[in-house]
Structure formats: structure tokens, C-alpha cells
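Structure below is entry.cif: mmCIF, C-alpha atoms and all ligand atoms.
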```
data_protein
#
loop_
_atom_site.label_atom_id
_atom_site.label_comp_id
_atom_site.auth_asym_id
_atom_site.auth_seq_id
_atom_site.Cartn_x
_atom_site.Cartn_y
_atom_site.Cartn_z
CA MET A 200 123.11 108.53 95.27
CA ASN A 201 119.41 109.15 94.88
CA ALA A 202 118.35 107.17 97.98
CA ARG A 203 114.99 105.50 98.16
CA ILE A 204 115.76 104.40 101.71
CA ASP A 205 118.43 105.88 103.90
CA VAL A 206 119.16 104.22 107.26
CA THR A 207 121.53 105.97 109.66
CA GLY A 208 122.64 104.73 113.07
CA LEU A 209 119.64 102.44 113.50
CA ALA A 210 119.33 100.82 116.94
CA ALA A 211 116.41 98.65 118.04
CA GLY A 212 115.60 95.84 120.43
CA TYR A 213 113.08 94.34 122.77
CA GLY A 214 111.92 95.50 126.22
CA GLY A 215 114.41 98.34 126.35
CA SER A 216 117.51 96.23 125.57
CA PRO A 217 119.07 97.08 122.20
CA VAL A 218 119.80 94.12 119.93
CA ILE A 219 121.07 96.05 116.90
CA ARG A 220 123.23 99.16 117.02
CA GLY A 221 124.61 101.51 114.42
CA VAL A 222 123.11 99.89 111.31
CA ASN A 223 123.62 102.10 108.22
CA PHE A 224 122.74 101.67 104.59
CA SER A 225 121.34 103.58 101.63
CA LEU A 226 119.55 101.96 98.75
CA ALA A 227 118.53 103.58 95.46
CA PRO A 228 115.37 102.63 93.55
CA GLY A 229 116.00 99.33 91.77
CA GLU A 230 118.81 98.13 94.03
CA ILE A 231 118.87 94.90 96.04
CA LEU A 232 120.68 94.69 99.37
CA ALA A 233 121.37 91.34 101.05
CA VAL A 234 121.52 91.43 104.85
CA LEU A 235 123.59 88.49 106.01
CA GLY A 236 124.95 87.21 109.30
CA PRO A 237 124.87 84.26 111.70
CA ASN A 238 121.83 83.19 113.76
CA GLY A 239 120.91 85.82 116.32
CA ALA A 240 122.93 88.56 114.57
CA GLY A 241 119.93 90.90 114.47
CA LYS A 242 118.82 90.55 110.83
CA SER A 243 115.11 90.01 111.62
CA THR A 244 115.22 92.71 114.29
CA THR A 245 116.48 95.15 111.64
CA MET A 246 113.60 94.21 109.34
CA LEU A 247 110.99 94.40 112.11
CA SER A 248 112.21 97.84 113.08
CA LEU A 249 112.17 99.14 109.49
CA ALA A 250 108.62 97.78 109.06
CA GLY A 251 107.51 99.55 112.25
CA LEU A 252 106.68 96.32 114.10
CA ILE A 253 109.15 97.19 116.85
CA GLY A 254 110.32 100.65 117.85
CA ARG A 255 113.56 102.43 117.13
CA ALA A 256 115.94 103.13 120.03
CA ALA A 257 118.12 105.45 117.93
CA GLY A 258 118.82 106.46 114.36
CA THR A 259 116.92 107.88 111.42
CA VAL A 260 115.26 106.23 108.45
CA THR A 261 114.04 108.21 105.45
CA ILE A 262 112.04 107.11 102.42
CA ASP A 263 112.60 109.35 99.39
CA GLY A 264 113.96 111.93 101.88
CA THR A 265 110.93 111.85 104.23
CA GLU A 266 111.36 110.54 107.76
CA LEU A 267 109.80 107.07 108.16
CA SER A 268 107.39 106.74 111.04
CA ALA A 269 108.86 104.51 113.80
CA GLY A 270 106.92 101.81 115.61
CA HIS A 271 103.77 102.06 113.44
CA PRO A 272 103.50 99.22 110.89
CA ARG A 273 100.43 100.65 109.14
CA ARG A 274 102.06 104.04 108.72
CA ALA A 275 105.30 102.41 107.50
CA ALA A 276 103.27 100.45 104.92
CA LYS A 277 101.49 103.64 103.82
CA GLN A 278 104.90 105.25 103.37
CA GLY A 279 105.84 102.33 101.14
CA VAL A 280 107.80 99.97 103.43
CA VAL A 281 106.30 96.48 103.31
CA LEU A 282 107.64 93.34 104.99
CA VAL A 283 107.36 89.70 103.89
CA PRO A 284 107.89 88.11 107.32
CA ASP A 285 109.75 84.83 107.76
CA ASP A 286 106.53 83.03 108.78
CA ARG A 287 104.82 84.44 105.62
CA SER A 288 101.73 85.44 107.67
CA LEU A 289 99.16 84.24 105.13
CA PHE A 290 95.46 83.75 105.93
CA THR A 291 95.67 79.98 105.54
CA THR A 292 91.92 79.31 105.32
CA LEU A 293 91.41 82.01 102.66
CA THR A 294 92.11 81.35 99.00
CA THR A 295 94.98 82.76 96.96
CA THR A 296 92.69 85.39 95.42
CA GLU A 297 91.23 86.37 98.79
CA ASN A 298 94.71 86.78 100.31
CA LEU A 299 95.74 89.04 97.44
CA ARG A 300 92.52 91.09 97.30
CA LEU A 301 92.53 91.75 101.05
CA ALA A 302 95.97 93.36 100.82
CA ALA A 303 95.66 95.05 97.42
CA THR A 304 95.55 98.77 96.72
CA SER A 305 93.77 98.04 93.39
CA ARG A 306 92.58 95.20 91.12
CA GLU A 307 95.30 96.14 88.63
CA LYS A 308 97.94 95.36 91.24
CA VAL A 309 96.48 91.85 91.70
CA GLY A 310 96.66 91.34 87.93
CA GLU A 311 100.30 92.49 87.86
CA VAL A 312 101.24 90.06 90.63
CA LEU A 313 99.50 87.17 88.86
CA ASP A 314 101.45 88.00 85.69
CA LEU A 315 104.65 87.88 87.76
CA PHE A 316 103.70 84.54 89.32
CA PRO A 317 101.75 82.58 86.64
CA ARG A 318 101.74 79.54 88.96
CA LEU A 319 99.42 81.45 91.33
CA LYS A 320 96.92 81.93 88.46
CA GLU A 321 96.46 78.15 88.47
CA ARG A 322 95.87 78.16 92.24
CA LEU A 323 93.45 81.09 92.63
CA LYS A 324 90.68 79.17 94.41
CA VAL A 325 92.97 77.06 96.59
CA PRO A 326 93.22 77.91 100.31
CA ALA A 327 96.67 79.33 101.12
CA GLY A 328 97.22 76.60 103.72
CA VAL A 329 97.03 73.92 101.00
CA LEU A 330 99.59 75.56 98.68
CA SER A 331 103.12 74.15 98.45
CA GLY A 332 105.89 75.96 100.32
CA GLY A 333 107.11 77.65 97.14
CA GLU A 334 103.59 78.74 96.18
CA GLN A 335 103.03 80.10 99.69
CA GLN A 336 106.21 82.16 99.39
CA MET A 337 105.04 83.47 95.98
CA LEU A 338 101.74 84.44 97.61
CA ALA A 339 103.51 86.10 100.55
CA ILE A 340 105.65 88.16 98.16
CA GLY A 341 102.54 88.82 96.05
CA ARG A 342 100.65 90.10 99.11
CA ALA A 343 103.47 92.58 99.70
CA LEU A 344 103.63 93.65 96.04
CA VAL A 345 99.90 94.37 95.74
CA GLN A 346 100.50 97.05 98.42
CA ASP A 347 102.67 98.88 95.86
CA PRO A 348 105.84 99.08 98.01
CA LYS A 349 108.73 101.47 97.48
CA VAL A 350 110.87 99.32 99.75
CA LEU A 351 110.25 95.57 99.90
CA LEU A 352 111.71 93.78 102.94
CA ILE A 353 111.96 90.00 102.63
CA ASP A 354 112.95 87.99 105.69
CA GLU A 355 114.34 84.52 104.84
CA LEU A 356 112.77 83.87 101.46
CA SER A 357 114.41 80.42 101.51
CA MET A 358 112.92 79.32 104.86
CA GLY A 359 111.73 75.72 104.53
CA LEU A 360 112.14 75.65 100.74
CA ALA A 361 114.23 73.31 98.58
CA PRO A 362 117.23 75.08 96.99
CA VAL A 363 115.78 74.52 93.52
CA ILE A 364 112.63 76.43 94.49
CA VAL A 365 114.70 79.23 96.02
CA GLU A 366 116.78 79.42 92.82
CA SER A 367 113.57 79.88 90.84
CA LEU A 368 112.18 82.61 93.13
CA LEU A 369 115.23 84.83 93.57
CA PRO A 370 115.41 86.10 89.95
CA ILE A 371 111.85 87.43 90.36
CA LEU A 372 113.25 89.89 92.91
CA ARG A 373 115.41 91.38 90.15
CA THR A 374 112.28 91.83 88.01
CA VAL A 375 110.59 93.56 90.95
CA ALA A 376 113.63 95.80 91.54
CA GLN A 377 113.63 96.79 87.87
CA THR A 378 110.24 98.44 88.44
CA GLY A 379 111.98 100.87 90.85
CA VAL A 380 111.43 99.04 94.13
CA ALA A 381 114.37 98.90 96.57
CA VAL A 382 114.63 95.34 97.92
CA VAL A 383 116.20 94.32 101.24
CA LEU A 384 116.71 90.59 101.48
CA VAL A 385 117.62 88.74 104.68
CA GLU A 386 119.02 85.39 103.68
CA GLN A 387 120.83 82.36 105.15
CA HIS A 388 122.05 81.14 101.76
CA VAL A 389 125.01 83.47 101.38
CA SER A 390 126.06 82.67 97.82
CA LEU A 391 122.48 82.66 96.48
CA ALA A 392 121.87 86.00 98.17
CA LEU A 393 125.08 87.52 96.81
CA ARG A 394 124.26 86.31 93.31
CA THR A 395 120.88 88.06 93.56
CA ALA A 396 121.90 91.29 95.31
CA ASP A 397 123.86 94.37 94.21
CA ARG A 398 125.31 94.96 97.65
CA ALA A 399 125.46 93.23 101.01
CA LEU A 400 126.02 93.96 104.62
CA VAL A 401 126.93 91.43 107.28
CA LEU A 402 125.71 91.80 110.85
CA ALA A 403 127.27 90.03 113.83
CA HIS A 404 126.20 90.57 117.44
CA GLY A 405 123.82 93.32 116.27
CA GLU A 406 126.49 95.39 114.55
CA GLU A 407 127.57 95.88 110.97
CA VAL A 408 130.90 94.08 110.51
CA LEU A 409 131.21 94.09 106.72
CA ALA A 410 129.63 95.90 103.78
CA GLY A 411 130.45 95.89 100.10
CA SER A 412 129.35 95.12 96.59
CA ALA A 413 127.96 91.62 96.08
CA ASP A 414 130.52 90.86 93.35
CA GLU A 415 133.41 91.91 95.59
CA LEU A 416 132.15 89.75 98.45
CA LEU A 417 131.40 86.75 96.24
CA ALA A 418 135.00 86.85 95.05
CA ASP A 419 136.33 86.85 98.62
CA PRO A 420 134.54 84.20 100.72
CA ALA A 421 137.23 84.41 103.42
CA ARG A 422 136.10 87.96 104.28
CA ILE A 423 132.51 86.80 104.65
CA GLU A 424 133.59 83.86 106.82
CA ALA A 425 135.64 86.15 109.06
CA ALA A 426 132.69 88.55 109.32
CA TYR A 427 130.43 85.68 110.38
CA MET A 428 132.89 85.07 113.20
CA GLY A 429 132.33 88.71 114.25
CA ALA A 430 135.54 90.24 112.89
CA THR A 431 135.21 93.86 111.76
CA HIS A 432 136.37 94.89 108.29
CA ALA A 433 136.57 98.23 106.60
CA ALA A 434 133.95 98.56 103.84
N1 LIG A 501 110.73 88.97 120.62
C1 LIG A 501 111.96 88.97 121.14
N2 LIG A 501 112.16 89.30 122.43
C2 LIG A 501 113.39 89.32 122.99
N3 LIG A 501 114.55 89.03 122.30
C3 LIG A 501 114.39 88.70 121.02
C4 LIG A 501 113.12 88.65 120.35
N4 LIG A 501 113.32 88.30 119.04
C5 LIG A 501 114.65 88.13 118.90
N5 LIG A 501 115.29 88.37 120.08
C6 LIG A 501 116.73 88.30 120.29
O1 LIG A 501 117.36 89.26 119.48
C7 LIG A 501 118.60 88.76 118.97
C8 LIG A 501 118.61 88.91 117.45
O2 LIG A 501 117.57 88.10 116.92
P1 LIG A 501 117.15 88.18 115.38
O3 LIG A 501 115.98 87.26 115.22
O4 LIG A 501 117.02 89.59 114.97
O5 LIG A 501 118.44 87.57 114.68
P2 LIG A 501 118.61 86.96 113.22
O6 LIG A 501 119.92 87.48 112.73
O7 LIG A 501 117.40 87.27 112.39
O8 LIG A 501 118.71 85.43 113.51
P3 LIG A 501 118.11 84.16 112.70
O9 LIG A 501 118.94 84.05 111.46
O10 LIG A 501 118.31 83.04 113.66
O11 LIG A 501 116.66 84.48 112.44
C9 LIG A 501 118.72 87.31 119.44
O12 LIG A 501 119.55 87.29 120.58
C10 LIG A 501 117.30 86.96 119.82
O13 LIG A 501 117.27 86.02 120.86
#
```
Please render this file's structure as C-alpha cells.
Ligand SMILES: Nc1ncnc2c1ncn2[C@@H]1O[C@H](COP(=O)(O)OP(=O)(O)OP(=O)(O)O)[C@@H](O)[C@H]1O
Amino acid sequence: MNARIDVTGLAAGYGGSPVIRGVNFSLAPGEILAVLGPNGAGKSTTMLSLAGLIGRAAGTVTIDGTELSAGHPRRAAKQGVVLVPDDRSLFTTLTTTENLRLAATSREKVGEVLDLFPRLKERLKVPAGVLSGGEQQMLAIGRALVQDPKVLLIDELSMGLAPVIVESLLPILRTVAQTGVAVVLVEQHVSLALRTADRALVLAHGEEVLAGSADELLADPARIEAAYMGATHAA
């Protein structure tokens, strides 16, 4: 496979104690991977480590074959790995336009994002803090996309949103992937995530306990349930 991101034996944690161990996956341009697992499984820790916000205790990560800098969020972003964090991290007193322009690599990128999210075009002069939850999530994803990512990491897109809003946002990730971006999606809504993704991996207690194609896993909910309980399966 022509990997856009290749993660091998990733371990990371906080204050010297590893939380995740032995996480492996490869993703080609245009693919979507769902990272699933129960609370505390290490999903966010995986994302924070890939984005350089916490260090790497072990393992290698490459982007288009080049080693990704560890523990340096700005360098990771320059290499094309951009995170939409679960708290969305918007500048709430700045307007939609200002949030996008501050992050953008070019004006064209802002235009592309506004074409992807027409709703934001109607809210350009509104402070981010006044937007609805769904609009804030569009803006958070937009802020990541204007940085022209090769790998887009999205932590809990559905956080605090009504299922109907989540259902309307997830297909946009497929549109983004079709431009060649590899998308890694951490999600609590298992079936929504599997319907959006090409492949999935399930973490439990910081380790990979199940991996497979999204279609395969959707067809076999008992395997997912067992994995959530921490049982290990062959891929
Ligand atoms: N800043 C931190 N310092 C110390 N331990 C942390 C920190 N953040 C998370 N942890 C611990 O790391 C483990 C994994 O947490 P993480 O947030 O990665 O899990 P998660 O799978 O994303 O869970 P959730 O779905 O609840 O967000 C948990 O035991 C958590 O308490």
C-alpha cells in the first residue's frame, strides 16, 4: 500500500507512564480510519501523540515515508498532520472569518472550506462562541483544513452534538478524503463511525485488540462488543 501515514509500535503516555502501547496502522491517501474503544482506552492519547502534543515513548510514524517529528505540534502540522481536538479549541471571541484566516495557509484555502461548509458563509461575521455546536464543529474542521493537511485527525466529532447533526457532518469527511487526505476519526458512535470509515481499529487498555475493514466489523457487532470488553482478536 502507498502509505500516507505509517504508524508502527507507537507508545505514548503522561509523566513517563505509558498509556498506549504497540499501536500500528497504515493509511493510504483518501482512506478513513475509525479509532474506537471504551472510555480511557487511549484514543485521545494516540491522537495527541500523532499531533506532537505529547511525546512518543516508542515506535515510528512516517508521513509519505518521512519520519514525523515527535513532541513538536508545529513541526507535525508543517509535515501535514493536523488535529481537530475534542474541545474544538476555537478563538471564541473572534469571528468565523478571523478563526479561519488566522489558521490558513492561503486565501484560496479559506474559500475552499467555505464551499465545503456553505452554512459557515452565512455566519462569517459571527463570533465563534455564538455559533451552534454543529457550526462550531464545522469551523473546527475548517480551521484544520485551511492548514492543508495530509493527515486529518478528528477527536470525537460527535461530542455534544445531536445525532442528526453528526449524521450531516460525517459524509463531509468522505469528501475531504477524496481530495487525498488520510482521515483518522476517534468516535464514540460505533455504527456511525463504521459507516463513514474504510477501516477501524479498537483500542482497550491502551492496546489494539481488534482491526479490520469497516464493512466486516459492521456485519459482526459481537466482535466489536467483545473487543470493547478487552478481548483480543486476530485481525
Ligand atoms: N493529561 C493526562 N495526564 C495523565 N493521565 C491522563 C491524561 N489524559 C488522559 N490520561 C489517562 O490516560 C488514559 C487514556 O485516556 P484517553 O483520554 O487517551 O482515553 P480515550 O480512549 O480517549 O477516552 P475517552 O473516550 O473517555 O476520551 C486514561 O486512563 C486517562 O485517565
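Distances to ligand LIG 501 (chain A) were evaluated for A:Met358, A:Ala303, A:Ala399, A:Ala381 using only C-alpha atoms and all ligand atoms, and the minimum falls at A:Met358.
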> What does the distance from atom C10 of ligand LIG 501 (chain A) to atom CA of A:Ala210 come to in Å, to one decimal?
Replying inline: 14.3 Å
> Of the candidates A:Pro420, A:Gly236, A:Gly333, A:Gly328, which one gets nearest to A:Leu400 if we count all atoms listed in the file?
Replying inline: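 For A:Leu400, the nearest of the given residues is A:Gly236.
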>> Let me make sure I understand: among A:Asp314, A:Glu307, A:Asp354, A:Glu424, which one has the smallest atom-to-atom distance to ligand LIG 501 (chain A) if we use all atoms listed in the file?
In response: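 Residue with the minimum atom-to-atom distance to ligand LIG 501 (chain A): A:Asp354.
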Please tabulate, as a tab-separated table, the residues of chain A that come within 6 Å of ligand LIG 501 (chain A), each with its closest pair of atoms and the distance in Å to one decimal, counting all atoms listed in the file and ordering rows by chain, then residue number upward.
```
residue	atom	partner	partner_atom	distance
A:Tyr213	CA	A:LIG501	C2	5.0
A:Val218	CA	A:LIG501	O1	5.5
A:Pro237	CA	A:LIG501	O9	5.9
A:Asn238	CA	A:LIG501	O10	3.5
A:Gly239	CA	A:LIG501	O5	3.4
A:Ala240	CA	A:LIG501	O6	3.7
A:Gly241	CA	A:LIG501	O4	3.2
A:Lys242	CA	A:LIG501	O6	3.8
A:Ser243	CA	A:LIG501	O7	3.7
A:Thr244	CA	A:LIG501	O4	3.7
```
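Put simply, atom CA of A:Asp285 is 17.9 Å away from atom CA of A:Gln346.
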Contacts of stretch 252-269 of chain A at 6 Å (all atoms listed in the file; same-chain gap of 2+ positions) as a PDB file with C-alpha atoms, in the frame of the given file:
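The new file selection-v9.pdb reads:
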```
ATOM      1  CA  ARG A 203     114.990 105.500  98.160  1.00  0.00           C
ATOM      2  CA  ILE A 204     115.760 104.400 101.710  1.00  0.00           C
ATOM      3  CA  ASP A 205     118.430 105.880 103.900  1.00  0.00           C
ATOM      4  CA  VAL A 206     119.160 104.220 107.260  1.00  0.00           C
ATOM      5  CA  THR A 207     121.530 105.970 109.660  1.00  0.00           C
ATOM      6  CA  GLY A 208     122.640 104.730 113.070  1.00  0.00           C
ATOM      7  CA  LEU A 209     119.640 102.440 113.500  1.00  0.00           C
ATOM      8  CA  ALA A 210     119.330 100.820 116.940  1.00  0.00           C
ATOM      9  CA  ALA A 211     116.410  98.650 118.040  1.00  0.00           C
ATOM     10  CA  LEU A 247     110.990  94.400 112.110  1.00  0.00           C
ATOM     11  CA  SER A 248     112.210  97.840 113.080  1.00  0.00           C
ATOM     12  CA  ALA A 250     108.620  97.780 109.060  1.00  0.00           C
ATOM     13  CA  HIS A 271     103.770 102.060 113.440  1.00  0.00           C
ATOM     14  CA  PRO A 272     103.500  99.220 110.890  1.00  0.00           C
ATOM     15  CA  ALA A 275     105.300 102.410 107.500  1.00  0.00           C
TER      16      ALA A 275
END
```
> Counting all atoms listed in the file, which of A:Val345, A:Leu293, A:Asn223, A:Ala396 gets nearest to A:Arg322?
Replying inline: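 Residue with the minimum atom-to-atom distance to A:Arg322: A:Leu293.
Counting from atom CA of A:Pro284, the distance to atom CA of A:Ala302 is 14.6 Å.
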>> I'd like the neighbourhood of A:Met428 as a list in words, where a residue qualifies if any of its atoms comes within 12 Å (using all atoms listed in the file), though same-chain residues fewer than 3 positions away should be ignored.
In response: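 My reading of the contact set: Gly236, Pro237, Asn238, Ala240, Val401, Leu402, Ala403, His404, Val408, Leu409, Ala421, Arg422, Ile423, Glu424, Ala425, Thr431 and His432 of chain A.
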> If you count all atoms listed in the file, which residues fall within 9 Å of A:Lys324, apart from same-chain ones fewer than 6 positions away, as a list of chain:residue names?
Replying inline: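 The residues that qualify are A:Leu293, A:Thr294, A:Thr295, A:Thr296, A:Glu297.
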> A:Gly359: which residues within 10 Å, counting all atoms listed in the file, same-chain residues fewer than 3 positions away excluded, as a list in words?
Replying inline: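 In the requested format, the answer is Asp285, Asp286, Gly332, Gly333, Gln336, Glu355, Leu356, Pro362 and Val365 of chain A.
Compared by their closest atoms to A:Leu249, and using only C-alpha atoms, the residues A:Gly341, A:Leu368, A:Leu232, A:Val383 rank with A:Val383 nearest.
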Using only C-alpha atoms, which residues of stretch 287-325 of chain A come within 12 Å of stretch 370-375 of chain A, and what is the closest atom pair for each, with the distance in Å to one decimal? Give it as CSV, sorted by chain and residue number.
```
residue,atom,partner,partner_atom,distance
A:Glu311,CA,A:Val375,CA,10.8
A:Val312,CA,A:Val375,CA,10.0
A:Asp314,CA,A:Ile371,CA,11.4
A:Leu315,CA,A:Ile371,CA,7.7
A:Phe316,CA,A:Ile371,CA,8.7
A:Pro317,CA,A:Ile371,CA,11.8
```
>> Restricting the calculation to all atoms listed in the file: of A:Gly279, A:Arg318, A:Leu344, A:Arg274, which residue gets closest to A:Arg300?
In response: A:Leu344
